[in-house]
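File shown here: input28.csv, holding CSV, C-alpha atoms.
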```csv
chain,number,residue,atom,x,y,z
T,1,MET,CA,-19.5,-2.5,56.2
T,2,ALA,CA,-20.5,-5.2,58.6
T,3,SER,CA,-24.1,-5.1,60.0
T,4,VAL,CA,-25.9,-6.7,62.9
T,5,VAL,CA,-29.6,-7.8,63.3
T,6,TYR,CA,-31.0,-7.9,66.8
T,7,VAL,CA,-34.0,-10.2,67.4
T,8,VAL,CA,-36.1,-9.9,70.5
T,9,ASP,CA,-38.8,-12.5,71.0
T,10,ASP,CA,-39.7,-14.6,74.0
T,11,ASP,CA,-40.4,-17.7,71.9
T,12,ARG,CA,-37.1,-19.5,71.6
T,13,SER,CA,-38.2,-21.5,68.6
T,14,ILE,CA,-38.9,-18.2,66.8
T,15,LEU,CA,-35.5,-16.9,67.9
T,16,ALA,CA,-33.7,-19.9,66.5
T,17,SER,CA,-35.6,-19.8,63.2
T,18,LEU,CA,-35.0,-16.1,62.6
T,19,GLU,CA,-31.4,-16.4,63.6
T,20,SER,CA,-30.9,-19.2,61.0
T,21,LEU,CA,-32.7,-17.2,58.3
T,22,LEU,CA,-30.8,-14.0,58.9
T,23,ALA,CA,-27.4,-15.7,59.4
T,24,SER,CA,-27.9,-17.4,56.0
T,25,GLU,CA,-27.9,-13.9,54.4
T,26,GLY,CA,-24.6,-13.1,56.0
T,27,TYR,CA,-25.8,-11.0,58.9
T,28,GLU,CA,-24.4,-11.1,62.4
T,29,VAL,CA,-27.4,-12.0,64.5
T,30,LEU,CA,-27.9,-11.4,68.2
T,31,THR,CA,-30.9,-12.9,69.9
T,32,PHE,CA,-32.7,-11.9,73.2
T,33,ASP,CA,-35.6,-13.5,74.9
T,34,SER,CA,-36.7,-10.2,76.7
T,35,ALA,CA,-36.5,-6.5,76.3
T,36,GLN,CA,-34.3,-6.3,79.4
T,37,ALA,CA,-31.8,-8.7,78.0
T,38,PHE,CA,-31.4,-6.4,75.0
T,39,LEU,CA,-31.0,-3.3,77.3
T,40,ASP,CA,-28.4,-5.1,79.4
T,41,ALA,CA,-26.3,-6.0,76.4
T,42,PRO,CA,-23.3,-3.8,75.5
T,43,ALA,CA,-24.1,-1.2,72.9
T,44,ARG,CA,-22.7,-1.9,69.4
T,45,LYS,CA,-21.4,0.7,66.9
T,46,THR,CA,-22.2,-1.4,63.9
T,47,PRO,CA,-25.1,-0.4,61.6
T,48,GLY,CA,-28.1,-2.6,62.6
T,49,CYS,CA,-31.8,-3.3,62.7
T,50,LEU,CA,-34.0,-4.6,65.5
T,51,VAL,CA,-36.6,-7.3,64.8
T,52,LEU,CA,-39.1,-7.1,67.7
T,53,ASP,CA,-42.1,-9.1,68.7
T,54,VAL,CA,-45.1,-7.0,69.7
T,55,ARG,CA,-46.1,-9.3,72.5
T,56,LEU,CA,-43.4,-9.9,75.1
T,57,ARG,CA,-43.5,-11.1,78.7
T,58,GLY,CA,-43.3,-8.1,81.0
T,59,THR,CA,-42.7,-5.1,78.7
T,60,SER,CA,-44.7,-5.1,75.4
T,61,GLY,CA,-42.9,-4.5,72.2
T,62,LEU,CA,-44.6,-1.1,71.8
T,63,GLU,CA,-43.6,-0.1,75.3
T,64,PHE,CA,-40.0,-1.2,74.6
T,65,GLN,CA,-39.9,0.8,71.4
T,66,ARG,CA,-40.9,3.9,73.3
T,67,GLU,CA,-38.3,3.2,75.9
T,68,LEU,CA,-35.6,2.9,73.2
T,69,ARG,CA,-36.6,6.3,71.9
T,70,ARG,CA,-36.5,7.8,75.4
T,71,ARG,CA,-32.9,6.4,75.7
T,72,GLY,CA,-31.9,8.0,72.4
T,73,ASN,CA,-31.5,4.6,70.7
T,74,PRO,CA,-32.5,5.2,67.0
T,75,THR,CA,-32.0,1.6,65.7
T,76,PRO,CA,-34.7,0.9,63.1
T,77,VAL,CA,-37.4,-1.4,64.3
T,78,VAL,CA,-39.2,-4.1,62.3
T,79,PHE,CA,-42.2,-5.5,64.3
T,80,ILE,CA,-43.4,-9.0,64.0
T,81,THR,CA,-46.6,-10.4,65.6
T,82,GLY,CA,-49.1,-13.2,65.4
T,83,HIS,CA,-51.8,-11.0,67.0
T,84,GLY,CA,-51.7,-7.7,65.3
T,85,ASP,CA,-54.5,-5.3,64.4
T,86,VAL,CA,-54.7,-2.0,62.6
T,87,PRO,CA,-54.5,0.3,65.6
T,88,MET,CA,-51.5,-1.6,66.9
T,89,SER,CA,-49.7,-1.3,63.5
T,90,VAL,CA,-50.6,2.4,63.3
T,91,ALA,CA,-49.2,3.0,66.7
T,92,ALA,CA,-46.0,1.2,65.9
T,93,MET,CA,-45.5,3.1,62.6
T,94,LYS,CA,-46.2,6.5,64.2
T,95,ALA,CA,-43.6,5.7,66.8
T,96,GLY,CA,-41.0,5.1,64.1
T,97,ALA,CA,-41.2,1.4,63.1
T,98,ILE,CA,-40.2,0.8,59.5
T,99,GLU,CA,-42.3,-2.3,59.0
T,100,PHE,CA,-45.1,-4.3,60.8
T,101,LEU,CA,-45.3,-8.0,59.7
T,102,LEU,CA,-48.0,-10.4,60.7
T,103,LYS,CA,-47.0,-14.1,61.3
T,104,PRO,CA,-46.7,-16.2,59.3
T,105,PHE,CA,-44.8,-13.8,57.0
T,106,ARG,CA,-42.7,-14.6,53.9
T,107,ASP,CA,-39.0,-14.9,54.6
T,108,GLN,CA,-38.3,-12.4,51.8
T,109,ASP,CA,-40.6,-9.8,53.4
T,110,LEU,CA,-38.6,-9.9,56.6
T,111,LEU,CA,-35.3,-9.9,54.7
T,112,ASP,CA,-36.4,-6.9,52.7
T,113,ALA,CA,-37.5,-5.0,55.8
T,114,VAL,CA,-34.2,-5.8,57.6
T,115,ARG,CA,-32.2,-4.7,54.6
T,116,ASN,CA,-34.1,-1.4,54.4
T,117,GLY,CA,-33.6,-0.9,58.2
T,118,ILE,CA,-29.8,-1.5,58.0
T,119,GLU,CA,-29.5,0.9,55.0
T,120,LEU,CA,-31.4,3.6,57.0
T,121,ASP,CA,-29.2,3.1,60.0
T,122,ARG,CA,-26.1,3.2,57.9
T,123,ALA,CA,-27.2,6.4,56.3
T,124,ARG,CA,-28.0,7.9,59.7
T,125,ARG,CA,-24.6,7.0,61.1
T,126,SER,CA,-22.9,8.5,58.0
T,127,ALA,CA,-24.9,11.8,58.4
T,128,ASP,CA,-24.1,11.8,62.2
T,129,SER,CA,-20.4,11.4,61.4
T,130,GLN,CA,-20.5,14.2,58.8
T,131,MET,CA,-22.4,16.5,61.3
T,132,PHE,CA,-19.8,15.8,64.0
T,133,GLU,CA,-17.0,16.8,61.6
T,134,LEU,CA,-18.9,19.9,60.7
T,135,ARG,CA,-19.3,20.9,64.4
T,136,GLU,CA,-15.5,20.4,64.8
T,137,ARG,CA,-14.8,22.7,62.0
T,138,TYR,CA,-17.3,25.3,63.3
T,139,ALA,CA,-15.7,25.1,66.7
T,140,ALA,CA,-12.3,26.0,65.2
T,141,MET,CA,-13.7,29.3,63.9
T,142,THR,CA,-13.1,32.5,65.7
T,143,PRO,CA,-16.1,34.5,67.2
T,144,ARG,CA,-15.7,37.1,64.4
T,145,GLU,CA,-15.8,34.4,61.7
T,146,ARG,CA,-18.9,32.9,63.2
T,147,GLU,CA,-20.5,36.4,63.2
T,148,ILE,CA,-19.5,36.9,59.5
T,149,MET,CA,-20.4,33.5,58.2
T,150,PRO,CA,-24.2,33.9,58.1
T,151,LEU,CA,-23.9,37.3,56.5
T,152,VAL,CA,-21.7,35.7,53.7
T,153,ALA,CA,-24.2,32.8,53.4
T,154,SER,CA,-27.1,35.3,53.0
T,155,GLY,CA,-25.4,36.6,49.9
T,156,LEU,CA,-24.1,40.0,51.2
T,157,MET,CA,-21.1,41.4,49.5
T,158,ASN,CA,-17.9,42.1,51.4
T,159,LYS,CA,-18.6,45.8,51.2
T,160,GLN,CA,-22.0,45.4,52.7
T,161,ILE,CA,-20.7,43.2,55.5
T,162,ALA,CA,-17.9,45.6,56.3
T,163,SER,CA,-20.4,48.5,56.6
T,164,SER,CA,-22.7,46.4,58.8
T,165,LEU,CA,-20.0,45.4,61.2
T,166,GLN,CA,-17.9,48.5,60.9
T,167,LEU,CA,-14.9,46.7,59.6
T,168,SER,CA,-12.7,47.3,56.6
T,169,GLU,CA,-13.5,45.5,53.4
T,170,VAL,CA,-10.0,43.9,53.4
T,171,THR,CA,-10.6,42.5,56.9
T,172,VAL,CA,-13.9,41.0,55.8
T,173,LYS,CA,-12.3,39.5,52.7
T,174,VAL,CA,-9.6,37.8,54.9
T,175,HIS,CA,-12.3,36.5,57.3
T,176,ARG,CA,-14.4,35.2,54.4
T,177,ALA,CA,-11.4,33.3,53.0
T,178,GLN,CA,-10.7,31.8,56.5
T,179,ILE,CA,-14.4,30.7,56.8
T,180,MET,CA,-14.4,29.0,53.5
T,181,GLN,CA,-11.1,27.2,54.3
T,182,LYS,CA,-12.1,26.1,57.8
T,183,LEU,CA,-15.5,24.8,56.7
T,184,LYS,CA,-14.1,23.3,53.5
T,185,ALA,CA,-16.6,25.1,51.4
T,186,ARG,CA,-15.5,25.4,47.8
T,187,THR,CA,-18.3,27.7,46.7
T,188,LEU,CA,-20.9,30.0,48.1
T,189,ALA,CA,-23.5,27.3,47.5
T,190,ASP,CA,-21.4,25.0,49.6
T,191,LEU,CA,-21.3,27.6,52.4
T,192,VAL,CA,-25.1,28.1,52.2
T,193,ARG,CA,-25.7,24.4,52.6
T,194,ILE,CA,-23.3,24.2,55.5
T,195,SER,CA,-24.8,27.2,57.2
T,196,ASP,CA,-28.3,25.7,56.9
T,197,ARG,CA,-27.1,22.5,58.5
T,198,LEU,CA,-25.4,24.3,61.3
T,199,SER,CA,-28.4,26.6,61.9
T,200,GLY,CA,-30.6,23.6,62.4
T,201,ASP,CA,-28.1,21.8,64.6
T,202,THR,CA,-28.5,22.0,68.4
T,203,GLY,CA,-25.3,20.2,69.1
T,204,LYS,CA,-22.9,22.9,67.9
T,205,GLU,CA,-21.1,25.1,70.4
```
In structure tokens, what does this structure look like?
Amino acid sequence: MASVVYVVDDDRSILASLESLLASEGYEVLTFDSAQAFLDAPARKTPGCLVLDVRLRGTSGLEFQRELRRRGNPTPVVFITGHGDVPMSVAAMKAGAIEFLLKPFRDQDLLDAVRNGIELDRARRSADSQMFELRERYAAMTPREREIMPLVASGLMNKQIASSLQLSEVTVKVHRAQIMQKLKARTLADLVRISDRLSGDTGKE
């Protein structure tokens, strides 16, 4: 799958140098000389990584990182700086940065960080897609099936569920089969994993 690297730095020579380096590795590279320019650009659906200078005119890199999180933008961030210190790097990492590189850094260190960031973003997008499909399957279930599903996942037998909900055992058996089919769960273990994911998901209906 294609990937993109965003570079935000107010030093145009740095932008040109990083663009050349990253493009030589086959990445699509988009450069911006300010945080606002990045925010004004159309959003991309391609897995990516953001290479961000800590010191920018106007908004600092750390402030920009916080703004991205407020906007719900989870793109992995690799910080670069010529003026870093320990508290700054700690703050960046606590806020979710995956790497903090001091200039001059080795090209390979940056390439390794970018590769890691893109893989993390690709994995997140895949997980988000799977979660979306799971929500769609859950939404297709009837209210009764949603009521029975956690009881099945907890390990209760059909007879126990029937007694708890005052249903016939045959009715529970039918609902159980429908639940497994709609959620594409082949085994009880599959259903338990699916139930755990849905119980921790705030996006389901």
Open item on the list: When you look at Arg57 in chain T with a cut-off of 9 Å (counting only C-alpha atoms), what residues show up, excluding the ones that are within fewer than 3 positions of it in the same chain? I need them as a ChimeraX atom specification.
Closed with: /T:10,34-35,60
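Distances from T:Arg115, T:Arg186, T:His83, T:Arg137 to Leu50 in chain T were compared using only C-alpha atoms, and the smallest one belongs to T:Arg115.
Residue nearest Leu134 in chain T within the list T:Leu183, T:Val5, T:Val54, T:Cys49: T:Leu183 [criterion: smallest interatomic distance, all atoms listed in the file].
When CA of Val174 in chain T is paired with CA of Val192 in chain T, their separation reads 18.5 Å.
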Open item on the list: The residues within 12 Å of (-43.3, -9.7, 66.1), using all atoms listed in the file and the coordinates of the file, should be reported as a VMD selection string; which are they?
Closed with: chain T and resid 7 to 11 14 to 15 18 50 to 56 60 to 62 77 to 84 88 to 89 92 97 99 to 105 110
Selected residues written out with C-alpha atoms, as a CSV table (one decimal), keeping the file's coordinate frame:
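Final output, saved to selection.csv:
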```
chain,number,residue,atom,x,y,z
T,7,VAL,CA,-34.0,-10.2,67.4
T,8,VAL,CA,-36.1,-9.9,70.5
T,9,ASP,CA,-38.8,-12.5,71.0
T,10,ASP,CA,-39.7,-14.6,74.0
T,11,ASP,CA,-40.4,-17.7,71.9
T,14,ILE,CA,-38.9,-18.2,66.8
T,15,LEU,CA,-35.5,-16.9,67.9
T,18,LEU,CA,-35.0,-16.1,62.6
T,50,LEU,CA,-34.0,-4.6,65.5
T,51,VAL,CA,-36.6,-7.3,64.8
T,52,LEU,CA,-39.1,-7.1,67.7
T,53,ASP,CA,-42.1,-9.1,68.7
T,54,VAL,CA,-45.1,-7.0,69.7
T,55,ARG,CA,-46.1,-9.3,72.5
T,56,LEU,CA,-43.4,-9.9,75.1
T,60,SER,CA,-44.7,-5.1,75.4
T,61,GLY,CA,-42.9,-4.5,72.2
T,62,LEU,CA,-44.6,-1.1,71.8
T,77,VAL,CA,-37.4,-1.4,64.3
T,78,VAL,CA,-39.2,-4.1,62.3
T,79,PHE,CA,-42.2,-5.5,64.3
T,80,ILE,CA,-43.4,-9.0,64.0
T,81,THR,CA,-46.6,-10.4,65.6
T,82,GLY,CA,-49.1,-13.2,65.4
T,83,HIS,CA,-51.8,-11.0,67.0
T,84,GLY,CA,-51.7,-7.7,65.3
T,88,MET,CA,-51.5,-1.6,66.9
T,89,SER,CA,-49.7,-1.3,63.5
T,92,ALA,CA,-46.0,1.2,65.9
T,97,ALA,CA,-41.2,1.4,63.1
T,99,GLU,CA,-42.3,-2.3,59.0
T,100,PHE,CA,-45.1,-4.3,60.8
T,101,LEU,CA,-45.3,-8.0,59.7
T,102,LEU,CA,-48.0,-10.4,60.7
T,103,LYS,CA,-47.0,-14.1,61.3
T,104,PRO,CA,-46.7,-16.2,59.3
T,105,PHE,CA,-44.8,-13.8,57.0
T,110,LEU,CA,-38.6,-9.9,56.6
```
Open item on the list: Using only C-alpha atoms, which protein or nucleic acid residues come within 10 Å of Pro74 in chain T? Drop anything in the same chain fewer than 4 positions from it, and give the result as a ChimeraX atom specification.
Closed with: /T:48-49,65,68-70,96,121,124
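Between CA of Arg122 in chain T and CA of Pro42 in chain T lies a distance of 19.1 Å.
With all atoms listed in the file as the basis for measurement, T:Leu22 is the residue among T:Leu165, T:Leu22, T:Phe132, T:Ser13 that approaches Asp109 in chain T most closely.
Coordinates place CA of Lys182 in chain T at a distance of 28.5 Å from CA of Lys45 in chain T.
Among the candidate residues T:Ile98, T:Met180, T:Ala16, T:Ala23, the one lying nearest to Met141 in chain T is T:Met180, with distances computed using all atoms listed in the file.
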